[in-house]
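Report on the structure given below.
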Amino acid sequence: MHDRAILKSQNTSMDRGLSTKKVMPPGAIARGFLQVGDDIIDCGASRIISRDPPVKITPKVLAVLLELARHQGETVARDTLLDTVWAETHPTPDVVKQAILEIRRALEYPAGCSEIVETIPRLGYRLLVKARFSETLEGLSEPELDLPESPAPSALETGSQQISAKIASTWTRWLLPSTAALVLSVAAWLFVSSAKEDRSSLPVPMAQSNRPAPLSYRLLTSNLGRESMPAISPDGSRVAYVVENKAEQSTRIRIQTSDGQGTTWLNKTSESQEIYPVWSGDGASLSYIRANDHDCAIVARPATGGDEKLLGRCWSRFVQLFDWSPDRKYLALSQYPTPSNKLGHMTEIDLEKQVETYLDYPKPLASSDYEPHYSPDGRFIAFRRGVQPVNDLFVYDRLRHVTRQLTDFGASFKGFTWTPSSKYLVVSSNHEGISSLYIIDVADGKISPLGIEDAEYPSMARHSQNLVFAKTRVTKRITENSLVATNRPKATVFQGSTGSDQEAVFSENNDYLALVSNRSGVEQIWLSDRRHPEKELFQISSFNGERLSQLCWSSDSGKLLVLASMGNQSGLYSIDLARRTQILLTPKDMQVMQATFGESEHDIWLAAKKRGAAGTLWHGEWREGQYVFSDTRLMATEVRWIANGKRLLVNPASRNEYQIYDRDLKLIKSHTINLMPLFSRVRKDVLWYLGVAGNGFGLYRMSLDTGKSELVRDGLDAQWSYPWFDISKDEKYVLLTEIERDDTDIAIASLPSEIR
């Protein structure tokens with residue numbers, strides 16, 4: 001039996017958007033007061049002022065309450081509330097139910113209590129208490145006035161409409177100059193998104209005033225170029241970190257005192273790349289990954305100098321991270337594909353016996369575990385499960401041989417470290433938009449911000465309160481590279497780049513280019529016309545701080561799929577360029593990892609999961625004006641549509657295995673790639689993917705018929721921490737998110753003693 005989630009149709013939403021009900025000017029409601037029972041509400045401030053302290057309610061909840069008050073004692077249909085309150089947006093019907101619950105909660109009535117708002121099954125809702133409206137507070141003691149005909153937006157909503165009108169105006173001038181007058185006349189409702197107006201589907205970021213004061217820090221380095229992956233010694237006196245020399249295409253490890261007074265290179269010279277330093281439990285030695293084109297090894301060297309010792313072999317220097325046990329007896333790492341183990345499974349190497357064994361813990365078949373970190377007391381191993389950019393944190397108990405999930409963000413964790421007490425983890429997570437530092441209580445999973453943004457790879461001393469991390473200072477740009485020119489011309493820098501652009505994708509007709517950019521202050525989707533590069537980019541979305549990713553065009557280039565994530569929720573949105581609408585497609589309990597259009601805009605395939613479950617393949621079909629999502633039960637972390645032959649390409653979770661299915665989900669064939677693909681795209685009958693090539697990255701192509709791969713272009717300067725590219729439909733150009741400048745530095749802070 002397939003799980004199903006029924007979503008409100010787009011057509012129905014559009015009908016509501018064209019509602020002809022008369023709307024009262026904003027000012028009237030903004031100056032008014034509503035009395036419901038014994039409670040008095042300042043409509044302009046959206047506050048219940050009869051409470052001490054006043055209670056804030058959302059504008060939409062207030063609008064629903066006003067509509068019920070206008071018809072007090074009468075049943076108001078759910079569709080009427082949708083048509084009136086959400087006339088300019090495209091929500092799911094659940095927003096009405098949620099608003100009623102909020103009304104009952106705000107006016108201190110239990111959720112199931114009908115003493116204030118009665119639920120009339122299959123009909124609607126009825127306000128049971130007396131309500132009255134007045135333009136002044138004193139007027140509530142005077143004879144009653146008629147309630148306004150319909151709700152009006154608060155100042156906040158009015159501002160949102162003005163912003164949306166500006167977006168619609170720009171879009172119209174850019175695409176449809178001949179109809180600009182018509183569009184401007186209705187710009188107030190043209191592009192007010194469900195993401196902006198209906199926040200029930202995604203959590204609102206915690207108010208800044210409710211957060212603790214940001215943790216203070218100072219920079220240990222301020223050199224030009226990138227310094228990253230810091231590791232602090234157990235006593236907190238020394239910091240090892242990786243220094244990247246872009247000109248020489250080399251990475252070396254430097255050791256510096258935590259007071260910034262002295263520095264030295266771990267190795268005076270090196271012919272190999274050195275990355276990912278890890279201190280031994282006693283601080284006497286430093287282990288790291290040493291790699292070149294032909295070999296990858298985990299080695300150790302005395303921090304004060306001496307001979308190098310081999311600890312183990314690594315599969316790839318870019319992905320196989322490890323840790324040293326506090327007693328120096330074991331090395332923990334993730335095992336990569338072998339004939340007996342196709343998925344990432346953690347192992348331990350007994351350094352004395354030189355024997356590697358799999359850790360004994362239950363692991364779902366479709367999961368991949370990476371980046372183990374021993375707790376200071378040696379009992380636990382924290383690790384992340386899932387492939388970038390979607391993972392969660394787990395803890396493995398080495399005594400009980402059980403695992404426990406700590407987070408359910410589906411975020412990108414860029415490093416984590418234990419505090420000295422083994423009670424907390426300091427993590428870098430982007431679940432609220434920007435990679436920032438947080439504290440997680442291992443006992444209950446409670447997460448608290450440290451107030452440091454643009455921070456990665458935290459490392460905590462085991463015997464002090466010193467914490468080091470990489471403070472990122474990265475400028476990114478989009479470049480367009482030719483795949484057919486024989487002389488390899490210099491990449492064309494995408495026009496209009498401000499250093500905040502990423503994840504660009506070609507439209508299916510190659511005329512447009514969509515990308516994610518925060519040039520407006522928060523991440524939005526922007527569009528560029530490749531036929532007219534002199535024209536400015538324009539914004540086509542209206543999000544409110546979510547992380548945006550996984551853009552996908554429909555076959556007619558008329559719609560875009562966008563994955564929006566915040567906190568522990570993620571939603572799949574559809575942006576319709578012709579109708580200028582932005583609609584949430586998926587239910588809020590579904591965590592989407594990746595999605596693609598199938599045969600048409602009404603045919604969608606998703607790699608998604610429910611809380612605590614592994615990723616599976618879901619299918620969304622448009623049926624009688626509704627989207628119906630069904631779980632196929634096939635394991636999936638990635639899905640691509642193969643237009644030639646109308647087939648599906650599915651990555652079940654092993655990262656380097658791809659399965660091809662027909663429309664009826666019958667397995668046709670499967671291919672295994674020797675390299676670990678970092679990101680992939682499908683064009684025609686070819687799988688394009690990024691993989692390691694020499695000291696950098698290469699763009700590969702694999703025939704989906706034969707499974708044969710070939711290197712198309714090496715030496716790509718891609719953003720390796722979150723690789724992304726796109727191939728034009730004619731396979732002549734590749735778009736890359738490149739690092740234009742990286743001056744990431746190493747910083748140090750001191751954690752409060754209460755969170756040891």
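For the structure tokens, the naming scheme is as follows: chains receive sequential letters (A, B, ...) according to their order of presentation, residues are indexed from 1 within each chain, and ligands are indexed from 1 in presentation order.
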
- Item | helix (DSSP H, G or I) positions in region 44-127 of chain A, given as a PyMOL selection string | chain A and resi 59-70+78-85+94-106

Residues from last step as file, C-alpha atoms, as a CSV table (one decimal), in the first residue's frame:
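And here is the file that came out, result11.csv:
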chain,number,residue,atom,x,y,z
A,59,PRO,CA,-2.1,38.6,10.5
A,60,LYS,CA,-3.6,35.6,8.8
A,61,VAL,CA,-5.0,34.3,12.1
A,62,LEU,CA,-6.5,37.7,12.8
A,63,ALA,CA,-8.0,37.8,9.3
A,64,VAL,CA,-9.7,34.4,9.9
A,65,LEU,CA,-11.0,35.7,13.3
A,66,LEU,CA,-12.4,38.8,11.7
A,67,GLU,CA,-14.2,36.9,9.0
A,68,LEU,CA,-15.8,34.6,11.6
A,69,ALA,CA,-16.7,37.7,13.6
A,70,ARG,CA,-18.5,39.3,10.6
A,78,ARG,CA,-13.6,26.6,4.7
A,79,ASP,CA,-13.5,27.6,1.0
A,80,THR,CA,-15.0,30.9,1.9
A,81,LEU,CA,-12.1,31.5,4.3
A,82,LEU,CA,-9.6,30.4,1.7
A,83,ASP,CA,-11.2,32.7,-0.9
A,84,THR,CA,-11.3,35.7,1.4
A,85,VAL,CA,-8.2,35.4,3.6
A,94,ASP,CA,-4.7,22.8,6.1
A,95,VAL,CA,-3.9,26.5,6.7
A,96,VAL,CA,-7.5,27.1,7.8
A,97,LYS,CA,-7.4,24.3,10.3
A,98,GLN,CA,-4.1,25.6,11.6
A,99,ALA,CA,-5.5,29.1,11.9
A,100,ILE,CA,-8.5,27.8,14.0
A,101,LEU,CA,-6.1,26.0,16.3
A,102,GLU,CA,-4.1,29.2,16.7
A,103,ILE,CA,-7.3,31.2,17.5
A,104,ARG,CA,-8.3,28.7,20.2
A,105,ARG,CA,-4.7,28.7,21.6
A,106,ALA,CA,-4.4,32.5,21.6

- Mind checking which residues fall within 12 Å of Thr269 (chain A), counting only C-alpha atoms, ignoring those fewer than 4 positions away in the same chain, and posting them as a VMD selection string? chain A and resid 250 to 254 264 to 265 273 to 274

- Message: So, with only C-alpha atoms as the atoms that count, which of A:Ser334, A:Arg226, A:Lys729, A:Leu219 lies closest to Asp511 (chain A)?
- Response: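 Ranking A:Ser334, A:Arg226, A:Lys729, A:Leu219 by distance to Asp511 (chain A), first place goes to A:Lys729.
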
- Note on the structure: A straight line from CA of Asp603 (chain A) to CA of Trp622 (chain A) spans 6.8 Å

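Nearest to Ser448 (chain A) of all the residues A:Leu667, A:Ile755, A:Ile434, A:Ala77 is A:Ile755, based on only C-alpha atoms.
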
- Item | Test item: residues at most 8 Å from Ile381 (chain A), only C-alpha atoms, excluding those fewer than 2 positions along its chain, as a ChimeraX atom specification | /A:372-375,378-379,383,395-398

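Using only C-alpha atoms for every distance, the candidate list A:Glu371, A:Glu108, A:Asp323, A:Asp444 yields A:Asp323 as the residue closest to Val278 (chain A).
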
- Item | Residue among A:Ser429, A:Trp86, A:Gly558, A:His602 lying closest to Arg623 (chain A), counting only C-alpha atoms |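 Of A:Ser429, A:Trp86, A:Gly558, A:His602, the one nearest Arg623 (chain A) is A:His602, counting only C-alpha atoms.
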
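For the choices A:Pro362, A:Gly410, A:Gly691, A:Pro277, the atom-to-atom distance to Met229 (chain A) is smallest for A:Pro277 when using only C-alpha atoms.
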
- Message: Need to verify the contact set: Thr304 (chain A), 10 Å, only C-alpha atoms, exclusion of same-chain residues closer than 4 positions in sequence. Can you return it as a list in words?
- Response: Ile255, Thr264, Leu266, Ala284, Ser285 and Leu286 of chain A

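Here CA of Val299 (chain A) stands at a distance of 12.2 Å from CA of Ser272 (chain A).
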
- Within 10 Å of Asp664 (chain A), counting only C-alpha atoms, which residues show up once you throw out same-chain ones fewer than 3 positions away? Write them as a list of chain:residue names, please. A:Arg647, A:Leu648, A:Tyr661, A:Leu667
